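For reference, the structure is listed below as structure tokens.
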Amino acid sequence: MFQRKLISNSKSMKNTFLIIAFTGILLLASCGKEQKKRGLDYDKLKQELVLNSEQAKKFDALTANYKQIMQENKAASSTEGGQLNRVAFFSKMEEIYQKQTVEIASFLDENQLKTYNEFMSKNTRKRPRYNDELLATIKTNLELTEEQSKILEAANNAFEKEFYDAHDIYHGNSELAAEYWRKYDNQRKSAIESTLSEEQIVEFRELVKNEKSPSEK
Amino acid sequence: MNVKKLLLRKRRKKESLFKYISALLHLWLGLLSSVIILIVCLTGCLYAFKNQINDFQNRKQVFVETKGKRLPLSYFEDKLKKEKQQINSILIPKNPSRSVVISFFDIDSKNIQTHYFNPYTGEDLGSGNGNFDGFFNTVEALHKNLLMGDVGKQIVGAFVLVFIFMLLSGLVLWWPKRKKKLIKQAFTIQWKAKFHRVNYDLHNTFGFYSLAFLLFISLTGIYITYPWVKTAVLVSLGGESISAQTQTEEGVSNSFANVMDAMLKKENEKIDKVAIKQIPLDSILYLTEKELNYSGTTTILLPDENEPRYQIQKINTSNWFGAMFPDFIDFDRNGELKRSDLFKNKPLHQQFKELSKPLHTGEIMGTSSVIFYFIITLIGFSLPITGFVIWWKKVK
């Protein structure tokens, strides 16, 4: 009788453990945020764009082609036992996305293109530096000399290199990434402003005031 | 009463309080963490062979017959030029039976492609296929965060800390008394014994033999997850803490100024490029081999409108372990050496930073270390199972 009770208690204890373990896993799974799919979710974008059949066909062909190009860009950057050259890799990736945008603009209307640009802006990884458009605006608005332009470019490139070189430290930690970004951004600004007049500094700060770490965007 | 008996066994005669508490914590934490540790170890096992599986899948492109002399790089340059393609980068593997990997773009459309080329015949072997990429991305995500984003990452980190405790408490439990028979038992597996005895030995003895390596893999794993672990490791190796590194400084630091100086020189080289005749690719390779006088996988990134230099990465394996240490050099379009960033000259903390990932994944010494890591993580995967069977037998 005592043995039967012992066995029955053991079984119920085992069952309890299994139920707790299973529930725990379910709870954990439900707590997590939706895991972001690797790569762009073009199916979601297609729904937002509301394409006609002709556009959908072109869209599928174009995105499939550029997905292949992206994969080949990634393959080109992979080396046996080596390190990814982040500056080169993300520079090429930016070029590829720009080309894709130019081609896709040929068959989207104005509203669709706006939706596409917003989607890409939200879902693609940006280089942390001042982009070419902003650089051109700074050079034009501040009427930079050739020497000042060189320092602007050099400081911007130095910022990008330093930020990427610290990647192994902040990898997977967006708050830390933002701290590193701010640190190097201050260095970049100091370097650039050392060559500018007071008026130029005011204008420069106005132009770059919205620049933020990619993890804060 | 029975629950207490099952999870709170009686302290044995002559068993120290330390060992008794270690045993209880080992059991409770083991039961709690078993599922997560199983997933992390299994996915680690699977991911270890990612490169080898990709190579096997693309073996017709990756592997070639070594016959005759290798063609010069100018052959590939000219071949692609005829097709209106321009080379972006070349990867020349150390292993002579592997094809070279050339990334090139169309001069008009600028579309980039990456193909394998036979270095002996010049044949274009096409691009590889990434059929397993999706699978390995999922395995990696499961390993890092259980497919649960930031929450999952913290859960994995916490349970790896538990696992580290399990390894150390397991060592306490494994420690044999000073009797010849018990000492022999602690280091061997009685394969001919009954199932539960074999199971016990697999847990106890395999656990002991794999302890140091599982500890190392776990520590390198949480190094990636927790800034405080990074700080502890980097400071102990002579570096700065992360909080010190991220402190905002007034003006331009020396480090930033040095990098800016290098960038300014590059800006000047960009302007001069029109006047300079570009040095042949084979000459760049020759200069690389002269500067980095060892056999190693070499990647050459060619100059473009934004980057005026040849950027070379060569993997140095000429050390006792055959470990892969990356060296970086840059040449300008004249073939003048502009930068030399050698692994051996870097401070210890910087070297560790660069190797932390391959040290964790087992890629550090190539296929041999990958196989070794696979065996170790397989043992890690088995420990919760064999441990659970030990407990289950007692519960029955």
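Identifiers in this document derive from the order of the structure tokens: chains are assigned A, B, ..., residues are numbered from 1 separately in each chain, and ligands are numbered from 1 in order of occurrence.
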
Neighbours of A:Lys46 within 12 Å (only C-alpha atoms; same-chain residues fewer than 6 positions away dropped), as a short mmCIF file (atom, residue, chain, number, x, y, z; two decimals) with N, CA and C atoms, in the first residue's frame?
```
data_model
loop_
_atom_site.label_atom_id
_atom_site.label_comp_id
_atom_site.auth_asym_id
_atom_site.auth_seq_id
_atom_site.Cartn_x
_atom_site.Cartn_y
_atom_site.Cartn_z
N LEU A 40 14.90 41.44 -46.14
CA LEU A 40 13.69 42.25 -46.24
C LEU A 40 12.47 41.38 -46.50
N ASN A 52 -0.55 46.23 -59.25
CA ASN A 52 -1.36 45.50 -60.24
C ASN A 52 -0.54 44.29 -60.72
N SER A 53 -1.14 43.47 -61.57
CA SER A 53 -0.48 42.19 -61.93
C SER A 53 0.83 42.44 -62.67
N GLN A 55 2.78 45.11 -62.49
CA GLN A 55 3.77 45.63 -61.53
C GLN A 55 4.29 44.52 -60.64
N ALA A 56 3.38 43.64 -60.22
CA ALA A 56 3.76 42.54 -59.31
C ALA A 56 4.79 41.64 -59.97
N LYS A 57 4.57 41.38 -61.28
CA LYS A 57 5.52 40.52 -62.03
C LYS A 57 6.90 41.16 -62.06
N LYS A 58 6.92 42.46 -62.41
CA LYS A 58 8.22 43.18 -62.49
C LYS A 58 8.86 43.24 -61.11
N PHE A 59 8.03 43.48 -60.09
CA PHE A 59 8.53 43.59 -58.72
C PHE A 59 9.20 42.29 -58.29
N ASP A 60 8.53 41.16 -58.56
CA ASP A 60 9.07 39.85 -58.16
C ASP A 60 10.40 39.57 -58.87
N THR A 63 13.16 42.06 -57.45
CA THR A 63 13.61 41.76 -56.07
C THR A 63 14.36 40.43 -56.01
N LEU A 108 6.75 52.19 -60.58
CA LEU A 108 5.84 52.54 -59.48
C LEU A 108 5.36 53.98 -59.66
N GLN A 112 3.22 54.98 -54.51
CA GLN A 112 3.84 53.67 -54.30
C GLN A 112 5.34 53.84 -54.01
N LEU A 113 5.96 54.75 -54.74
CA LEU A 113 7.40 54.98 -54.55
C LEU A 113 7.66 55.54 -53.15
N THR A 115 5.83 54.94 -50.50
CA THR A 115 5.67 53.80 -49.58
C THR A 115 6.92 52.93 -49.61
N TYR A 116 7.42 52.68 -50.82
CA TYR A 116 8.63 51.85 -50.99
C TYR A 116 9.81 52.48 -50.25
N PHE A 119 9.46 52.15 -46.50
CA PHE A 119 9.71 50.77 -46.09
C PHE A 119 11.20 50.47 -46.06
#
```

Just need the residues of chain B within 6 Å of chain A, counting only C-alpha atoms, so spit them out as a VMD selection string. chain B and resid 103 113 to 114 147 to 149 151 246 248 251 to 252 259 to 260 263 to 264 324 326

File of the preceding selection, C-alpha atoms, as a CSV table (one decimal), in the first residue's frame:
```csv
chain,number,residue,atom,x,y,z
B,103,SER,CA,33.8,39.3,-57.2
B,113,GLN,CA,28.5,38.9,-59.2
B,114,THR,CA,30.7,36.4,-57.3
B,147,LEU,CA,14.0,33.0,-31.9
B,148,MET,CA,12.8,35.4,-29.3
B,149,GLY,CA,14.8,38.6,-30.0
B,151,VAL,CA,14.3,38.7,-24.5
B,246,THR,CA,32.8,55.1,-24.5
B,248,THR,CA,33.1,61.3,-24.5
B,251,GLY,CA,38.4,67.6,-28.9
B,252,VAL,CA,39.9,64.9,-31.0
B,259,VAL,CA,42.8,57.3,-38.3
B,260,MET,CA,41.9,60.7,-39.7
B,263,MET,CA,42.0,59.0,-44.3
B,264,LEU,CA,43.4,62.4,-45.3
B,324,MET,CA,44.1,31.8,-38.1
B,326,PRO,CA,44.4,38.0,-39.9
```

When you draw a straight line from atom CA of B:Ser295 to atom CA of B:Pro347, how long is it in Å? 23.7 Å

Write out as JSON lines the residues of stretch 272-390 of chain B that have any atom within 8 Å of an atom of stretch 21-31 of chain B, one row each with the nearest atom pair and its distance in Å to one decimal, counting only C-alpha atoms, sorted by chain and then rising number.
```
{"residue": "B:Pro384", "atom": "CA", "partner": "B:Gly30", "partner_atom": "CA", "distance": 6.9}
{"residue": "B:Gly387", "atom": "CA", "partner": "B:Gly30", "partner_atom": "CA", "distance": 7.8}
{"residue": "B:Phe388", "atom": "CA", "partner": "B:Leu31", "partner_atom": "CA", "distance": 7.2}
```

Report as an NGL selection string: the residues of stretch 10-209 of chain A with a DSSP assignment of alpha helix (DSSP H), based on the backbone of this structure. :A and (10-31 or 42-49 or 53-77 or 86-105 or 110-123 or 132-141 or 146-165 or 167-170 or 174-193 or 198-208)

Find the residues around B:Tyr310 up to 7 Å (only C-alpha atoms counted), leave out those fewer than 6 positions away in its own chain, and share them as a count of residues only. 7

If you count only C-alpha atoms, which residues fall within 6 Å of B:Gly362, apart from same-chain ones fewer than 6 positions away, as a PyMOL selection string? chain B and resi 369-370+373

Using only C-alpha atoms, which residue out of B:Ile53, B:Leu42, B:Val172, B:Ile102 lies closest to B:Phe76? B:Ile102

Name all residues at most 12 Å from A:Glu206 (count only C-alpha atoms; drop same-chain ones fewer than 2 positions away) and give them as a ChimeraX atom specification. /A:134,137-138,141-142,199-204,208-211

Please list as an NGL selection string every residue within 10 Å of B:Ile36, counting only C-alpha atoms and excluding residues in the same chain fewer than 6 positions away. (:A and (25)) or (:B and (42 or 143 or 146 or 155-156 or 159-160 or 163 or 384))
